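Engineer: Provided herewith: entry08.cif, mmCIF, C-alpha atoms and all ligand atoms.
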```
data_upload
#
loop_
_atom_site.label_atom_id
_atom_site.label_comp_id
_atom_site.auth_asym_id
_atom_site.auth_seq_id
_atom_site.Cartn_x
_atom_site.Cartn_y
_atom_site.Cartn_z
CA MET A 21 -4.52 19.86 27.09
CA LEU A 22 -2.16 22.84 26.83
CA SER A 23 -3.73 25.01 29.54
CA HIS A 24 -0.56 25.38 31.66
CA LEU A 25 1.65 25.88 28.67
CA LYS A 26 -0.67 28.56 27.36
CA LYS A 27 -0.28 30.54 30.59
CA THR A 28 3.50 30.16 30.78
CA ASP A 29 4.46 30.47 27.14
CA PRO A 30 1.81 31.63 24.68
CA GLU A 31 4.41 31.89 21.93
CA THR A 32 5.39 28.19 22.05
CA THR A 33 1.73 27.25 22.53
CA SER A 34 0.80 29.06 19.38
CA TRP A 35 3.31 27.06 17.30
CA LEU A 36 2.09 23.81 18.86
CA GLU A 37 -1.51 24.67 18.05
CA GLN A 38 -0.60 25.56 14.49
CA GLU A 39 1.29 22.30 14.09
CA LEU A 40 -1.71 20.34 15.39
CA ALA A 41 -3.91 22.16 12.86
CA ARG A 42 -1.41 21.39 10.09
CA GLN A 43 -1.40 17.70 11.00
CA ARG A 44 -5.20 17.64 11.11
CA GLN A 45 -5.76 19.49 7.85
CA GLY A 46 -3.13 17.75 5.72
CA LEU A 47 -2.56 14.36 4.14
CA GLU A 48 0.57 13.06 5.86
CA LEU A 49 2.33 10.74 3.45
CA ILE A 50 5.93 10.75 4.71
CA PRO A 51 6.47 7.00 5.23
CA SER A 52 8.56 7.38 8.40
CA GLU A 53 5.92 9.47 10.19
CA ASN A 54 2.86 8.42 12.16
CA PHE A 55 0.39 9.65 14.78
CA ALA A 56 1.12 8.33 18.27
CA SER A 57 -1.89 7.67 20.48
CA LEU A 58 -2.92 10.09 23.21
CA ALA A 59 -1.93 7.38 25.71
CA VAL A 60 1.60 7.31 24.30
CA MET A 61 1.76 11.10 24.42
CA GLU A 62 0.50 11.24 28.01
CA ALA A 63 3.33 8.90 29.08
CA LEU A 64 5.77 11.03 27.10
CA GLY A 65 4.62 14.24 28.74
CA SER A 66 4.84 12.80 32.26
CA VAL A 67 6.79 13.35 35.50
CA LEU A 68 9.23 10.66 34.39
CA THR A 69 11.12 13.40 32.57
CA ASN A 70 12.26 14.62 36.01
CA LYS A 71 14.29 11.55 36.96
CA TYR A 72 17.91 10.52 36.43
CA SER A 73 18.52 6.77 36.15
CA GLU A 74 21.97 5.99 34.73
CA GLY A 75 22.35 2.23 34.65
CA TYR A 76 19.78 -0.51 34.28
CA PRO A 77 16.94 -1.82 36.49
CA GLY A 78 18.39 -2.96 39.82
CA LYS A 79 21.80 -1.44 38.99
CA ARG A 80 21.45 2.35 38.99
CA TYR A 81 23.86 5.11 39.89
CA TYR A 82 21.07 7.20 41.45
CA GLY A 83 18.58 6.57 44.25
CA GLY A 84 14.82 6.77 43.94
CA ASN A 85 14.51 4.53 40.92
CA GLN A 86 12.12 1.92 42.30
CA PHE A 87 9.30 2.96 39.97
CA ILE A 88 11.50 3.78 36.99
CA ASP A 89 12.92 0.24 37.28
CA GLN A 90 9.38 -1.14 36.96
CA VAL A 91 8.70 0.99 33.90
CA GLU A 92 11.91 -0.08 32.17
CA GLU A 93 11.32 -3.75 33.05
CA LEU A 94 7.82 -3.46 31.62
CA ALA A 95 9.14 -2.00 28.37
CA ARG A 96 11.95 -4.56 28.10
CA GLY A 97 9.62 -7.48 28.83
CA ARG A 98 7.04 -6.28 26.31
CA ALA A 99 9.71 -5.79 23.64
CA LYS A 100 11.07 -9.30 24.21
CA ALA A 101 7.61 -10.87 24.06
CA LEU A 102 6.43 -8.86 21.03
CA PHE A 103 9.48 -9.58 18.87
CA GLY A 104 10.41 -12.98 20.35
CA VAL A 105 13.96 -12.08 21.35
CA GLU A 106 16.10 -12.95 24.35
CA HIS A 107 17.17 -9.42 25.26
CA ALA A 108 15.99 -5.86 24.66
CA ASN A 109 17.60 -2.52 25.40
CA VAL A 110 15.01 0.27 25.33
CA GLN A 111 17.32 3.15 26.24
CA PRO A 112 18.67 4.40 22.87
CA TYR A 113 17.61 8.01 22.39
CA SER A 114 16.82 7.37 18.72
CA GLY A 115 17.78 5.30 15.70
CA SER A 116 21.15 6.85 14.87
CA PRO A 117 22.52 6.56 18.44
CA ALA A 118 21.16 3.00 18.55
CA ASN A 119 23.04 2.02 15.40
CA GLN A 120 26.10 3.76 16.81
CA ALA A 121 25.81 1.60 19.94
CA ALA A 122 25.58 -1.56 17.84
CA TYR A 123 28.78 -0.58 16.01
CA PHE A 124 30.47 0.35 19.29
CA ALA A 125 29.56 -3.05 20.76
CA LEU A 126 30.63 -5.19 17.81
CA LEU A 127 33.44 -3.37 16.00
CA LYS A 128 36.77 -1.68 16.49
CA PRO A 129 37.48 1.64 14.78
CA GLY A 130 38.59 0.99 11.21
CA ASP A 131 36.67 -2.28 10.83
CA THR A 132 34.74 -2.72 7.59
CA VAL A 133 30.96 -2.30 7.52
CA LEU A 134 28.86 -3.24 4.50
CA GLY A 135 25.52 -1.43 4.29
CA MET A 136 23.02 -0.22 1.73
CA GLY A 137 24.20 2.98 0.04
CA LEU A 138 22.40 6.16 1.08
CA ALA A 139 21.62 7.07 -2.53
CA GLN A 140 20.13 3.61 -3.10
CA GLY A 141 17.77 3.56 -0.14
CA GLY A 142 20.03 2.97 2.88
CA HIS A 143 20.55 5.25 5.88
CA LEU A 144 23.30 7.68 6.89
CA THR A 145 24.34 5.29 9.68
CA HIS A 146 24.82 2.36 7.29
CA GLY A 147 28.35 3.47 6.36
CA TYR A 148 27.84 6.83 4.63
CA LYS A 149 31.16 8.63 4.21
CA LEU A 150 30.20 11.82 6.10
CA ASN A 151 28.52 9.95 8.96
CA PHE A 152 30.33 8.45 12.00
CA SER A 153 29.70 5.05 10.39
CA GLY A 154 31.81 5.95 7.37
CA ARG A 155 34.38 8.06 9.18
CA TYR A 156 35.34 5.84 12.11
CA TYR A 157 34.68 2.62 10.22
CA GLN A 158 35.46 1.53 6.68
CA GLY A 159 32.10 1.97 4.97
CA VAL A 160 31.43 -0.18 1.91
CA SER A 161 28.07 -0.12 0.20
CA TYR A 162 25.78 -2.31 -1.83
CA GLY A 163 22.87 -1.07 -3.91
CA VAL A 164 20.00 -2.33 -5.97
CA ASP A 165 20.08 -3.88 -9.42
CA PRO A 166 20.32 -1.14 -12.10
CA LYS A 167 17.40 -2.58 -14.07
CA THR A 168 14.97 -4.07 -11.52
CA HIS A 169 15.91 -1.72 -8.66
CA ARG A 170 15.59 -4.71 -6.32
CA LEU A 171 18.28 -6.06 -4.01
CA ASP A 172 20.51 -8.50 -5.89
CA TYR A 173 21.79 -10.90 -3.23
CA GLU A 174 24.41 -12.48 -5.49
CA ALA A 175 25.87 -9.02 -6.20
CA ILE A 176 25.87 -8.25 -2.47
CA ARG A 177 27.59 -11.58 -1.77
CA LYS A 178 30.34 -10.73 -4.27
CA ILE A 179 30.98 -7.35 -2.58
CA ALA A 180 31.09 -9.09 0.80
CA LEU A 181 33.57 -11.70 -0.45
CA GLN A 182 35.79 -8.94 -1.87
CA THR A 183 35.65 -6.55 1.11
CA LYS A 184 35.35 -9.00 4.05
CA PRO A 185 33.17 -6.81 6.31
CA LYS A 186 32.98 -7.56 10.01
CA LEU A 187 29.42 -6.23 10.07
CA ILE A 188 26.71 -6.32 7.41
CA VAL A 189 23.78 -3.96 7.85
CA CYS A 190 20.49 -4.85 6.18
CA GLY A 191 17.47 -2.60 6.20
CA ALA A 192 16.46 0.51 4.31
CA THR A 193 14.67 3.82 4.38
CA ALA A 194 13.48 3.90 0.77
CA TYR A 195 13.05 0.35 -0.47
CA PRO A 196 9.49 -0.67 -1.41
CA ARG A 197 10.07 -4.44 -1.43
CA LEU A 198 10.55 -7.22 1.11
CA ILE A 199 14.03 -7.79 2.50
CA ASP A 200 15.33 -11.37 2.45
CA PHE A 201 16.98 -11.64 5.86
CA ALA A 202 17.86 -15.31 5.30
CA ALA A 203 19.87 -14.37 2.20
CA PHE A 204 21.75 -11.72 4.21
CA ARG A 205 22.46 -14.31 6.94
CA ALA A 206 23.92 -16.72 4.39
CA ILE A 207 26.25 -13.98 3.11
CA ALA A 208 27.21 -12.94 6.65
CA ASP A 209 28.00 -16.54 7.58
CA GLU A 210 30.14 -17.00 4.50
CA VAL A 211 32.35 -14.02 5.40
CA GLN A 212 31.99 -14.43 9.20
CA ALA A 213 30.33 -11.05 9.65
CA TYR A 214 27.81 -9.94 12.22
CA LEU A 215 24.37 -9.14 10.82
CA LEU A 216 22.60 -6.00 12.04
CA ALA A 217 19.00 -5.70 10.83
CA ASP A 218 17.73 -2.12 10.89
CA ILE A 219 13.96 -2.60 10.79
CA SER A 220 13.06 0.97 11.74
CA HIS A 221 10.73 1.42 8.78
CA ILE A 222 9.06 -1.99 8.87
CA ALA A 223 8.92 -2.90 12.59
CA GLY A 224 5.14 -2.53 12.70
CA LEU A 225 4.81 -4.72 9.61
CA VAL A 226 7.05 -7.36 11.21
CA VAL A 227 4.88 -7.32 14.35
CA GLY A 228 1.75 -7.60 12.20
CA GLY A 229 3.17 -10.53 10.21
CA LEU A 230 3.25 -8.50 6.97
CA HIS A 231 7.03 -8.68 6.60
CA PRO A 232 9.24 -11.68 7.47
CA SER A 233 10.99 -11.25 10.80
CA PRO A 234 14.77 -10.92 11.02
CA VAL A 235 14.76 -12.68 14.42
CA PRO A 236 15.92 -16.10 13.13
CA TYR A 237 18.81 -14.51 11.24
CA ALA A 238 20.16 -11.28 12.74
CA ASP A 239 22.68 -10.98 15.58
CA VAL A 240 21.34 -7.56 16.52
CA ILE A 241 18.11 -5.84 15.48
CA MET A 242 17.63 -2.10 15.71
CA THR A 243 14.33 -0.36 15.36
CA THR A 244 13.07 3.10 15.98
CA THR A 245 9.75 3.20 17.81
CA HIS A 246 7.98 6.09 16.05
CA LYS A 247 7.48 4.84 12.49
CA THR A 248 5.18 1.91 11.66
CA LEU A 249 5.37 0.88 15.33
CA ARG A 250 3.49 4.13 16.13
CA GLY A 251 5.17 4.94 19.43
CA PRO A 252 7.17 7.92 20.70
CA ARG A 253 10.41 8.98 19.05
CA GLY A 254 12.98 6.51 20.37
CA ALA A 255 14.68 3.24 19.52
CA MET A 256 15.40 -0.26 20.78
CA LEU A 257 18.21 -2.74 20.33
CA LEU A 258 16.95 -6.33 20.27
CA ILE A 259 19.14 -9.40 20.66
CA PRO A 260 17.52 -12.58 19.31
CA ARG A 261 20.16 -14.86 20.89
CA VAL A 262 22.54 -13.55 23.53
CA LEU A 263 25.13 -16.23 22.78
CA ASP A 264 27.20 -14.75 20.05
CA ARG A 265 28.08 -17.02 17.13
CA PHE A 266 31.31 -15.11 16.42
CA HIS A 267 32.26 -14.49 20.01
CA ASP A 268 35.41 -16.62 20.05
CA LEU A 269 36.52 -15.05 16.80
CA TYR A 270 35.93 -11.39 17.60
CA HIS A 271 35.83 -11.14 21.39
CA PRO A 272 38.13 -13.97 22.58
CA ALA A 273 39.23 -12.09 25.68
CA SER A 274 35.76 -10.95 26.68
CA LYS A 275 33.42 -12.95 28.85
CA ARG A 276 30.51 -10.71 27.84
CA ASN A 277 27.66 -12.06 25.75
CA LEU A 278 25.93 -9.99 23.06
CA ALA A 279 23.35 -8.56 25.46
CA GLU A 280 26.07 -7.38 27.84
CA LEU A 281 28.11 -5.91 24.99
CA ILE A 282 25.10 -3.95 23.73
CA ASP A 283 24.08 -2.74 27.19
CA ALA A 284 27.64 -1.60 27.92
CA ALA A 285 27.79 0.20 24.57
CA ILE A 286 24.71 2.26 25.51
CA ILE A 287 25.98 3.07 29.00
CA PRO A 288 28.77 3.79 29.85
CA GLY A 289 29.76 3.67 26.17
CA LEU A 290 27.61 6.33 24.57
CA GLN A 291 24.73 7.63 26.63
CA GLY A 292 24.06 9.02 30.08
CA GLY A 293 20.66 9.03 31.75
CA PRO A 294 17.91 7.27 29.87
CA HIS A 295 14.87 9.33 28.91
CA ASN A 296 12.45 7.66 31.29
CA HIS A 297 9.39 9.43 29.90
CA GLN A 298 10.34 8.02 26.50
CA THR A 299 10.80 4.54 28.01
CA ALA A 300 7.29 4.71 29.51
CA ALA A 301 5.84 5.81 26.18
CA ILE A 302 7.66 2.91 24.47
CA ALA A 303 6.11 0.53 27.03
CA VAL A 304 2.67 1.89 26.13
CA CYS A 305 3.34 1.64 22.40
CA LEU A 306 4.49 -1.98 22.80
CA LYS A 307 1.29 -2.83 24.66
CA GLU A 308 -0.75 -1.24 21.87
CA ALA A 309 1.23 -3.12 19.23
CA ALA A 310 0.52 -6.43 20.99
CA GLN A 311 -3.26 -6.01 20.62
CA PRO A 312 -5.08 -7.93 17.86
CA ASP A 313 -6.21 -4.69 16.18
CA PHE A 314 -2.58 -3.72 15.54
CA LYS A 315 -2.31 -6.63 13.11
CA THR A 316 -5.36 -5.28 11.29
CA TYR A 317 -3.69 -1.85 11.25
CA ALA A 318 -0.48 -3.30 9.76
CA GLN A 319 -2.46 -5.17 7.10
CA GLN A 320 -4.30 -1.98 6.19
CA ILE A 321 -1.01 -0.06 5.82
CA VAL A 322 0.05 -2.47 3.06
CA ILE A 323 -3.41 -2.62 1.44
CA ASN A 324 -3.44 1.19 1.36
CA ALA A 325 0.09 1.46 -0.05
CA GLN A 326 -0.81 -1.00 -2.82
CA ALA A 327 -4.05 0.86 -3.61
CA LEU A 328 -2.09 4.12 -3.85
CA ALA A 329 0.56 2.44 -6.02
CA LYS A 330 -2.04 1.02 -8.42
CA THR A 331 -3.82 4.38 -8.70
CA LEU A 332 -0.58 6.17 -9.53
CA ALA A 333 0.58 3.45 -11.93
CA ARG A 334 -2.76 3.72 -13.73
CA GLN A 335 -1.95 7.39 -14.32
CA ASN A 336 1.42 6.39 -15.81
CA PHE A 337 3.55 7.42 -12.85
CA ARG A 338 6.97 5.76 -12.82
CA LEU A 339 7.09 3.71 -9.62
CA ILE A 340 10.50 2.37 -8.65
CA THR A 341 10.22 -1.47 -8.86
CA GLY A 342 6.73 -1.01 -10.31
CA GLY A 343 4.87 -1.11 -6.99
CA THR A 344 5.26 -1.97 -3.33
CA ASP A 345 5.25 -4.88 -0.88
CA ASN A 346 5.35 -2.67 2.20
CA HIS A 347 4.30 0.75 3.45
CA LEU A 348 6.13 2.97 0.95
CA LEU A 349 6.38 4.02 -2.66
CA LEU A 350 9.27 5.66 -4.43
CA ILE A 351 8.34 7.64 -7.53
CA ASP A 352 10.50 9.10 -10.26
CA VAL A 353 8.87 12.46 -11.07
CA SER A 354 11.33 13.40 -13.83
CA PRO A 355 9.06 12.04 -16.63
CA LEU A 356 6.53 14.69 -15.49
CA GLY A 357 9.13 17.41 -16.10
CA LEU A 358 9.44 17.99 -12.34
CA THR A 359 12.21 17.62 -9.79
CA GLY A 360 11.55 15.99 -6.44
CA GLN A 361 11.80 19.40 -4.79
CA GLN A 362 9.18 20.88 -7.12
CA ALA A 363 6.86 17.91 -6.60
CA GLU A 364 7.23 18.15 -2.81
CA ALA A 365 6.56 21.91 -2.83
CA THR A 366 3.55 21.65 -5.16
CA LEU A 367 1.97 18.90 -3.06
CA ASP A 368 2.72 20.92 0.08
CA SER A 369 0.79 23.84 -1.42
CA VAL A 370 -2.39 21.70 -1.38
CA ASN A 371 -1.65 20.26 2.10
CA ILE A 372 -0.23 16.93 0.97
CA THR A 373 3.07 16.18 2.70
CA VAL A 374 5.64 13.92 1.03
CA ASN A 375 9.42 14.06 0.94
CA LYS A 376 11.72 14.51 -1.99
CA ASN A 377 14.02 11.52 -2.29
CA LEU A 378 16.87 10.19 -4.37
CA ILE A 379 15.90 7.33 -6.63
CA PRO A 380 18.39 4.54 -7.41
CA TYR A 381 21.11 5.73 -9.79
CA ASP A 382 19.83 9.30 -9.53
CA THR A 383 21.80 11.83 -11.51
CA ARG A 384 20.55 14.73 -9.36
CA THR A 385 21.53 15.79 -5.82
CA PRO A 386 19.98 14.84 -2.42
CA LEU A 387 18.62 18.37 -1.96
CA ASP A 388 17.02 18.38 -5.39
CA PRO A 389 16.64 14.74 -6.40
CA SER A 390 14.49 13.12 -9.08
CA GLY A 391 12.01 11.39 -6.81
CA ILE A 392 9.48 11.59 -4.03
CA ARG A 393 8.79 9.05 -1.28
CA LEU A 394 5.25 8.35 -0.08
CA GLY A 395 3.91 6.05 2.61
CA THR A 396 0.65 5.09 4.28
CA PRO A 397 1.30 4.48 8.04
CA ALA A 398 0.01 7.89 9.17
CA LEU A 399 -3.13 8.05 7.03
CA THR A 400 -3.94 4.45 7.96
CA SER A 401 -3.80 5.53 11.63
CA ARG A 402 -6.49 8.09 10.75
CA GLY A 403 -8.70 5.31 9.37
CA PHE A 404 -8.08 5.83 5.65
CA THR A 405 -9.21 2.84 3.56
CA ALA A 406 -8.13 1.59 0.12
CA GLU A 407 -11.04 3.55 -1.43
CA ASP A 408 -9.74 6.72 0.25
CA MET A 409 -6.23 6.01 -1.03
CA ILE A 410 -7.56 5.78 -4.59
CA GLN A 411 -8.92 9.31 -4.14
CA VAL A 412 -5.61 10.44 -2.63
CA GLY A 413 -3.76 8.96 -5.62
CA GLU A 414 -6.09 10.71 -8.05
CA VAL A 415 -5.54 14.08 -6.35
CA ILE A 416 -1.76 13.57 -6.42
CA GLY A 417 -2.02 12.67 -10.09
CA GLN A 418 -3.99 15.81 -10.93
CA VAL A 419 -1.62 18.07 -8.96
CA LEU A 420 1.60 16.65 -10.36
CA THR A 421 0.45 16.52 -13.97
CA GLN A 422 -0.95 20.09 -13.90
CA PRO A 423 1.17 21.82 -11.24
CA GLY A 424 0.83 25.24 -12.87
CA ASP A 425 -2.97 25.28 -13.04
CA PRO A 426 -4.44 27.30 -10.12
CA ALA A 427 -7.91 25.79 -10.65
CA VAL A 428 -6.52 22.24 -10.34
CA LEU A 429 -4.64 23.21 -7.17
CA ALA A 430 -7.72 24.85 -5.65
CA THR A 431 -9.86 21.77 -6.38
CA ALA A 432 -7.16 19.51 -4.91
CA LYS A 433 -7.05 21.58 -1.74
CA GLN A 434 -10.83 21.22 -1.37
CA LYS A 435 -10.57 17.47 -1.88
CA VAL A 436 -7.86 17.25 0.81
CA LYS A 437 -10.11 19.22 3.13
CA ALA A 438 -13.00 16.82 2.53
CA LEU A 439 -10.85 13.69 2.99
CA THR A 440 -9.28 14.93 6.23
CA ALA A 441 -12.69 15.98 7.57
CA GLU A 442 -13.95 12.43 7.01
CA HIS A 443 -11.12 11.05 9.18
CA PRO A 444 -10.56 13.50 12.05
CA LEU A 445 -7.20 13.39 13.83
CA TYR A 446 -7.23 13.43 17.66
CA PRO A 447 -10.96 14.29 17.83
CA GLU A 448 -10.73 14.07 21.63
CA LEU A 449 -8.48 17.15 21.72
CA LYS A 450 -10.17 20.52 21.61
CA ASN A 451 -7.14 22.26 20.19
N1 LIG B 1 14.59 9.97 8.79
C1 LIG B 1 14.17 8.60 8.61
C2 LIG B 1 13.33 8.44 7.40
O1 LIG B 1 12.62 9.38 7.08
O2 LIG B 1 13.33 7.40 6.78
C3 LIG B 1 15.31 7.68 8.63
O3 LIG B 1 16.01 7.91 9.79
#
```
Output the file's structure in the form of structure tokens.
Ligand code: DSN
Structural biologist:
Amino acid sequence: MLSHLKKTDPETTSWLEQELARQRQGLELIPSENFASLAVMEALGSVLTNKYSEGYPGKRYYGGNQFIDQVEELARGRAKALFGVEHANVQPYSGSPANQAAYFALLKPGDTVLGMGLAQGGHLTHGYKLNFSGRYYQGVSYGVDPKTHRLDYEAIRKIALQTKPKLIVCGATAYPRLIDFAAFRAIADEVQAYLLADISHIAGLVVGGLHPSPVPYADVIMTTTHKTLRGPRGAMLLIPRVLDRFHDLYHPASKRNLAELIDAAIIPGLQGGPHNHQTAAIAVCLKEAAQPDFKTYAQQIVINAQALAKTLARQNFRLITGGTDNHLLLIDVSPLGLTGQQAEATLDSVNITVNKNLIPYDTRTPLDPSGIRLGTPALTSRGFTAEDMIQVGEVIGQVLTQPGDPAVLATAKQKVKALTAEHPLYPELKN
């Protein structure tokens, strides 16, 4: 697969080969990561990277776009059909620029945005003070209940009534439970705010019917395409209904509907030429996600996450909210006498990849927090079953309860080797 690259640039090739070996030999448990199919990667590594296409199908600023138009139409049509929305923009380079475009379309600088706090499971772009969303807009945050660590919709409603946001962002990066989009809609309606649902983490579960869809409730939906959706890195902005319920209130002088506002925010607002190779890979990923076996995949992600959660709970691990409804687990490792950083590094030493993560009401810092975050989308793509996840949970338990014992670490490494050998990654690739 890398024969030309090898000739041109052995140095880069060597790092690529080592990364492939790392992915094959390790247990990938970062919940936002996945393994795209070879078909997706072929589209991504294609001649479409050579083409400039500012604009949209049929309305480009460059010639020679007759085939690119077809690719983008394919991706847009598949996105609309898969999610059941009236409009899709598949051009955002990734999730952060996509959220930026949603803000740019709906808000004026200085408007108030209410989103989930970063330290409580939200994202940088949900109003964090150092991010554009908290610097150019007035970022206000909600969190989870101090005792249950679940979203408390009455508490969120009170913050909304006090702060009168023009946009409410729902969605999370480290929340192991279902999100009640209807409850967010009711709050947004009460304060006349737009509702942006960031479903980047759970898009594949929404497609598979494992998580309620935000389509009946949100004004704009943003999702990345590389997490549970298992596509290339990228993002989409989906508009369930192009006729904007707050249009007369917030855009009285504009004749543009929501779809036009979003499209204009992407270009000319924020981006230049779309990454056509990425668009093609998104089209492929959307076709894969529309197949019946994707639903089975999504179901298995949740079954595996719950099997892992039960195995860890049995070993007295402190799971935030006590378990999971989705693809991820958040674990407080402080009762084990470890920091998140130490837990991440110890697991890394036996080829298990997780990420350190703040837990709600953490007293430590983001670079050395009290927790770790684990998820099952990537291992499920390799064919891991619930029985495998029980073994994974037992290895994690042994490593994190005896991190200083070289014999335990050596045994764990052997176990990881055996588990990964049972479920080869990209067996079609030689190296
Ligand atoms: N970096 C992503 C995650 O890991 O959840 C969010 O953008």
Engineer: Could you tell me, counting only C-alpha atoms and all ligand atoms, which protein and nucleic acid residues lie no more than 7 Å from ligand LIG 1 (chain B), written as a PyMOL selection string?
Structural biologist: chain A and resi 51-52+115+143+193-194+221
Engineer: Show which residues sit within 12 Å of Ala438 in chain A, as an MDAnalysis selection string. Count only C-alpha atoms, and ignore same-chain residues fewer than 4 positions away.
Structural biologist: chainID A and resid 44:47 371 408 411:412 415 431:434 442:444
Engineer: Report, in Å to a single decimal, how far apart CA of Gln326 in chain A and CA of Thr344 in chain A are.
Structural biologist: 6.2 Å
Engineer: Hey, can you pull every residue with an atom no more than 12 Å from (20.0, 4.1, 3.9), using all atoms listed in the file, and send it as number ranges by chain?
Structural biologist: A: 116, 134-148, 151, 153, 161-164, 189-195, 218-221, 377-380
Engineer: Find, counting all atoms listed in the file, the residue in A:Glu74, A:Ala206, A:Tyr270, A:Pro30 that gets nearest to Lys128 in chain A.
Structural biologist: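 Nearest candidate to Lys128 in chain A out of A:Glu74, A:Ala206, A:Tyr270, A:Pro30: A:Tyr270.
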Engineer: Excluding range 425-428 of chain A and any residue of its chain fewer than 5 positions from it, enumerate the residues within 12 Å of it, using only C-alpha atoms, and give them as a PDB file with C-alpha atoms, in the coordinates of the input.
Structural biologist:
```pdb
ATOM      1  CA  THR A 366       3.550  21.650  -5.160  1.00  0.00           C
ATOM      2  CA  LEU A 367       1.970  18.900  -3.060  1.00  0.00           C
ATOM      3  CA  SER A 369       0.790  23.840  -1.420  1.00  0.00           C
ATOM      4  CA  VAL A 370      -2.390  21.700  -1.380  1.00  0.00           C
ATOM      5  CA  GLU A 414      -6.090  10.710  -8.050  1.00  0.00           C
ATOM      6  CA  VAL A 415      -5.540  14.080  -6.350  1.00  0.00           C
ATOM      7  CA  ILE A 416      -1.760  13.570  -6.420  1.00  0.00           C
ATOM      8  CA  GLY A 417      -2.020  12.670 -10.090  1.00  0.00           C
ATOM      9  CA  GLN A 418      -3.990  15.810 -10.930  1.00  0.00           C
ATOM     10  CA  VAL A 419      -1.620  18.070  -8.960  1.00  0.00           C
ATOM     11  CA  LEU A 420       1.600  16.650 -10.360  1.00  0.00           C
ATOM     12  CA  LYS A 433      -7.050  21.580  -1.740  1.00  0.00           C
ATOM     13  CA  GLN A 434     -10.830  21.220  -1.370  1.00  0.00           C
ATOM     14  CA  LYS A 435     -10.570  17.470  -1.880  1.00  0.00           C
TER      15      LYS A 435
END
```
Engineer: Please list as a PDB file with C-alpha atoms, keeping the file's coordinate frame every residue within 12 Å of Phe124 in chain A, counting all atoms listed in the file and excluding residues in the same chain fewer than 3 positions away.
Structural biologist:
```
ATOM      1  CA  PRO A 117      22.520   6.560  18.440  1.00  0.00           C
ATOM      2  CA  ALA A 118      21.160   3.000  18.550  1.00  0.00           C
ATOM      3  CA  ASN A 119      23.040   2.020  15.400  1.00  0.00           C
ATOM      4  CA  GLN A 120      26.100   3.760  16.810  1.00  0.00           C
ATOM      5  CA  ALA A 121      25.810   1.600  19.940  1.00  0.00           C
ATOM      6  CA  LEU A 127      33.440  -3.370  16.000  1.00  0.00           C
ATOM      7  CA  LYS A 128      36.770  -1.680  16.490  1.00  0.00           C
ATOM      8  CA  PRO A 129      37.480   1.640  14.780  1.00  0.00           C
ATOM      9  CA  GLY A 130      38.590   0.990  11.210  1.00  0.00           C
ATOM     10  CA  ASP A 131      36.670  -2.280  10.830  1.00  0.00           C
ATOM     11  CA  PHE A 152      30.330   8.450  12.000  1.00  0.00           C
ATOM     12  CA  SER A 153      29.700   5.050  10.390  1.00  0.00           C
ATOM     13  CA  TYR A 156      35.340   5.840  12.110  1.00  0.00           C
ATOM     14  CA  TYR A 157      34.680   2.620  10.220  1.00  0.00           C
ATOM     15  CA  LEU A 187      29.420  -6.230  10.070  1.00  0.00           C
ATOM     16  CA  LEU A 278      25.930  -9.990  23.060  1.00  0.00           C
ATOM     17  CA  LEU A 281      28.110  -5.910  24.990  1.00  0.00           C
ATOM     18  CA  ILE A 282      25.100  -3.950  23.730  1.00  0.00           C
ATOM     19  CA  ASP A 283      24.080  -2.740  27.190  1.00  0.00           C
ATOM     20  CA  ALA A 284      27.640  -1.600  27.920  1.00  0.00           C
ATOM     21  CA  ALA A 285      27.790   0.200  24.570  1.00  0.00           C
ATOM     22  CA  ILE A 286      24.710   2.260  25.510  1.00  0.00           C
ATOM     23  CA  ILE A 287      25.980   3.070  29.000  1.00  0.00           C
ATOM     24  CA  PRO A 288      28.770   3.790  29.850  1.00  0.00           C
ATOM     25  CA  GLY A 289      29.760   3.670  26.170  1.00  0.00           C
ATOM     26  CA  LEU A 290      27.610   6.330  24.570  1.00  0.00           C
ATOM     27  CA  GLN A 291      24.730   7.630  26.630  1.00  0.00           C
TER      28      GLN A 291
END
```
Engineer: Contacts of Tyr446 in chain A at 10 Å or less, counting only C-alpha atoms, minus same-chain residues fewer than 6 places along, as a list in words?
Structural biologist: Leu40, Gln43, Arg44, Phe55, Ala56, Ser57, Leu58 and Arg402 of chain A
Engineer: Can you rebuild range 36-40 of chain A with N, CA, C and O atoms and give it as a compact mmCIF listing (two decimals), in the coordinates of the input?
Structural biologist:
```txt
# COMPACT_ATOMS: atom_id res chain seq x y z
N LEU A 36 2.62 25.17 18.66
CA LEU A 36 2.09 23.81 18.86
C LEU A 36 0.68 23.69 18.29
O LEU A 36 0.33 22.70 17.64
N GLU A 37 -0.12 24.71 18.55
CA GLU A 37 -1.51 24.67 18.05
C GLU A 37 -1.53 24.69 16.51
O GLU A 37 -2.33 24.00 15.88
N GLN A 38 -0.63 25.49 15.96
CA GLN A 38 -0.60 25.56 14.49
C GLN A 38 -0.12 24.25 13.89
O GLN A 38 -0.59 23.82 12.83
N GLU A 39 0.82 23.60 14.59
CA GLU A 39 1.29 22.30 14.09
C GLU A 39 0.18 21.25 14.18
O GLU A 39 0.00 20.44 13.27
N LEU A 40 -0.59 21.28 15.27
CA LEU A 40 -1.71 20.34 15.39
C LEU A 40 -2.71 20.57 14.24
O LEU A 40 -3.17 19.62 13.60
```
